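Q: Take this structure, written in structure tokens, and hold onto it; I'll ask about it next.
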2 protein chains.
Amino acid sequence: MSKPSIPKGTRDFLPLQARKRAYLFNAIQEVFALYGYDPIETPAMEHGKTLLGKYGEEGDRLIFKLLKRGDKLKQAQEKQIELSDQALRYDLTVPFARFVVQNQSALSFPFKRYQIQPVWRADRPQKGRYREFYQCDVDVIGSESLSNEIELISIIDQVFTKLNLEGISIKLNNRKILAGIATYIGHEDLLTPITIAMDKQDKIGLEKVKEELLTAGISSTGIEKLEAILSLSGSWTERLRALKTILVENPLGLKGIAEVEEVLGTAEKIGVKGLELDLSLARGLNYYTGAIFEVVTKDFPSSICGGGRYDDLTGLFGLNNMSGVGISFGADRIYDVLEDRNGFPKDLNQSSQVLFINFGVEEAAYSLQLAMALRKQNISAEVYPESSKLKKQFSYAHAKHIPFVVTIGSNEIEKGIFKVKEMSSGVQKEMNKAELIILLKDGNTHF
Amino acid sequence: MSKPSIPKGTRDFLPLQARKRAYLFNAIQEVFALYGYDPIETPAMEHGKTLLGKYGEEGDRLIFKLLKRGDKLKQAQEKQIELSDQALRYDLTVPFARFVVQNQSALSFPFKRYQIQPVWRADRPQKGRYREFYQCDVDVIGSESLSNEIELISIIDQVFTKLNLEGISIKLNNRKILAGIATYIGHEDLLTPITIAMDKQDKIGLEKVKEELLTAGISSTGIEKLEAILSLSGSWTERLRALKTILVENPLGLKGIAEVEEVLGTAEKIGVKGLELDLSLARGLNYYTGAIFEVVTKDFPSSICGGGRYDDLTGLFGLNNMSGVGISFGADRIYDVLEDRNGFPKDLNQSSQVLFINFGVEEAAYSLQLAMALRKQNISAEVYPESSKLKKQFSYAHAKHIPFVVTIGSNEIEKGIFKVKEMSSGVQKEMNKAELIILLKDGNTHF
């Protein structure tokens, strides 16, 4: 029999990894809740028609589809029609839009929700890119106020502060500015290829971007004008001031500038660090209409959080005039950054706080009672299930990073005093039940 | 455009439901951790060959399969071969067995793990039966000791105690007893149909079970003998004593009896209530070899937890001699029971602890600072995003069950004293920032 395996791009999580993931999800979720966002969940599978056509051709190709079953499958094969009518969630945004429309009568608006669930993409797996990964999304829908954008920036700041993840840049841009620029350079109709090319500036450099723009049909005067904008330097206030004079005749562009000014200004006022205006930031998705966010951190190639404002998202499902803004934290990438930086708390490898050595039926029964008493005090405890050799039982404690091991023989039962060994130091002390509880009570791991 | 919907048998979870689910999962997970079980996660999709053939014909039919993509799909269609090579998790037990074999070198045994993840089954949806639902599994693998069975019973007891879910019965039986009975009634070879029929006693009654047994080829003397066993009455000690004399010549049956005696005896000694010996309990799955567990509660038709010991599970994947025992909590059913009994904590409908009314740019900016200060104290707070009509803002607080609403106008900013209204009573008090923090600090919801 060959060794079993799992599909490529998917992962098993061993206990330490699972604990680190729980730590990460909890930290993110706690911040979301502190800002008054409500949790929701949607199913892993959606009707194919809900998802298909929402992510472009490339996206459609990467969606995992479920095979029809039984008679439906037979019929589909005979008639040579679609073999699938359901598909796995590709992101959390489209299901959220579907959710809002479907459940609108049960929701009160503005609706602030968070959602932490896995998504599936049949992408080519590579470092940091998986076929099953978690998104942590937080959105407000039904409010046009820029205070939502500011709140989301504050959430980004708080999440990374809580995770002690330093050296992040929160990049901001605005789709209205991009549209204004496209008009200004004389190619209002080519906004999409322009933004796609601009978005690559970080990766391929200005010269290659210019080549791409030329290929896309932008005139050389247009490219010159664009270059002047992309080369603006100075603080964000300085650059926005310059841009205002450049886009002076473009109301949409000026509106975008005013929005960015308010958002960056207020975010700075409430103490957010690492804010950056990035006029080349566009992000791939076409549904953004206002603010665009992206968070990067040094020495990590991909963004770890991103999002924006979309005025028309629920329009896909027939509900118009619902402006929304949201961001998505890439939990698996943030995990990788924390791992690279040794940034997880050190005590996550520990399972129980204490192991009772098993010397036989009677001793184990006594230990079991004691373990129950500890658990009542919220102290995690276990009794080794078999009276194996001492060495084996201690190895078990060592492998599970259990900080204390208690040995109870017939003598100890008689006296009600047990030997408690601190595994890290090897030091052994004698104590009674009450002393043991005090030792372990608040998750203590040292004598 | 038609109203969007989700596949049948799946569900959206609104905020209150999502919070109740989180409460339930946390309670279960906390108990697992107190007993020293380690978390793991496995992927939603497994290779088809990992799952298929493990759950019987019926199971195979209910497994959701993923459609191949691109060239692979084309080839499969042309060659008329299998259109799918991956499938969604059908339970957590088979993936766990695969996980143990695949990761054995990274694990230390006995390995105690818990796993809380969704599974998917293309079952016909009905009340309490979904196509996507969560299992909460806890297993020990690599130890034959009965102390594991006792520990699992203790975990069942603690989980339902923690959830304040009263009136549960923890039913126990043993596959060895069932095998002993099959031999005793002269049909050793018909163990499976016998156990399947016996398992239905609760639902269809003894007479129908007898009919089924006759159809299955059991002799009438055999049925008489079986009836005598199923009709044993009295406490579990009395019934086991009687059964010992009946199965006196059957070593396997006697071993089963001794196991049940030890497990029930010790579990009672450590204070577990609601224990029951149920000689007709068999459970469908064929891989159990020792203890069989099932938990039921009054006024609910299905079991809410079940499991057993399996000596050969990892044998499926080439790793022999790994005895394991585990149970699975049916979270969605337990949810339904708690819902029926009004058993969820009352404060789960609340999102933020406090809402700041938005009177305009300046007031909102001031409130934002205040909200940030509260969040630093772990108090969830939000500022209404727009300076809408007061009525609308108060309705929002009401809909989100936010217990306190703070109004800050220019007067209040000047004095540093705000109006704080308790929504439940309508009572309004004036207080400063420090008093507000004290009011809300420990999740208080009343003046």
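Letters A, B, ... go to the chains of the structure tokens in the order shown; residues in each chain start at 1; ligands are counted from 1 in the same order.
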Restrict the distance test to only C-alpha atoms, flag each residue of chain B within 7 Å of chain A, and return the flagged residues as a VMD selection string.

A: chain B and resid 1 3 to 7 10 to 15 18 to 19 33 to 36 38 to 43 46 to 47 64 to 67 98 102 108 145 147 to 148 270 317 to 318 351 to 352 369 375 378 to 382 385 to 386 396 399

Q: Write out as a ChimeraX atom specification each polymer residue whose atoms come within 10 Å of A:Trp236, counting only C-alpha atoms; drop sequence neighbours fewer than 4 positions from it.

A: /A:232,240-242,260-261,264-265,275-279

Q: Write the selection just made, keeping C-alpha atoms, as a compact mmCIF listing (two decimals), in the first residue's frame?

A:
# COMPACT_ATOMS: atom_id res chain seq x y z
CA LEU A 232 5.62 63.02 -7.91
CA LEU A 240 -1.96 65.46 -3.35
CA ARG A 241 -1.52 69.23 -3.53
CA ALA A 242 0.44 68.86 -6.79
CA VAL A 260 -7.94 60.35 0.22
CA GLU A 261 -7.09 63.57 2.05
CA LEU A 264 -5.33 59.78 5.49
CA GLY A 265 -5.71 62.94 7.54
CA LEU A 275 0.26 55.16 6.12
CA GLU A 276 1.29 55.65 2.52
CA LEU A 277 -0.31 57.22 -0.56
CA ASP A 278 0.46 54.97 -3.55
CA LEU A 279 -0.86 56.46 -6.78

Q: Please run DSSP on the backbone and report, as a count of residues only, all residues within stretch 118-188 of chain A that come out as strand (DSSP E or B).

A: 22
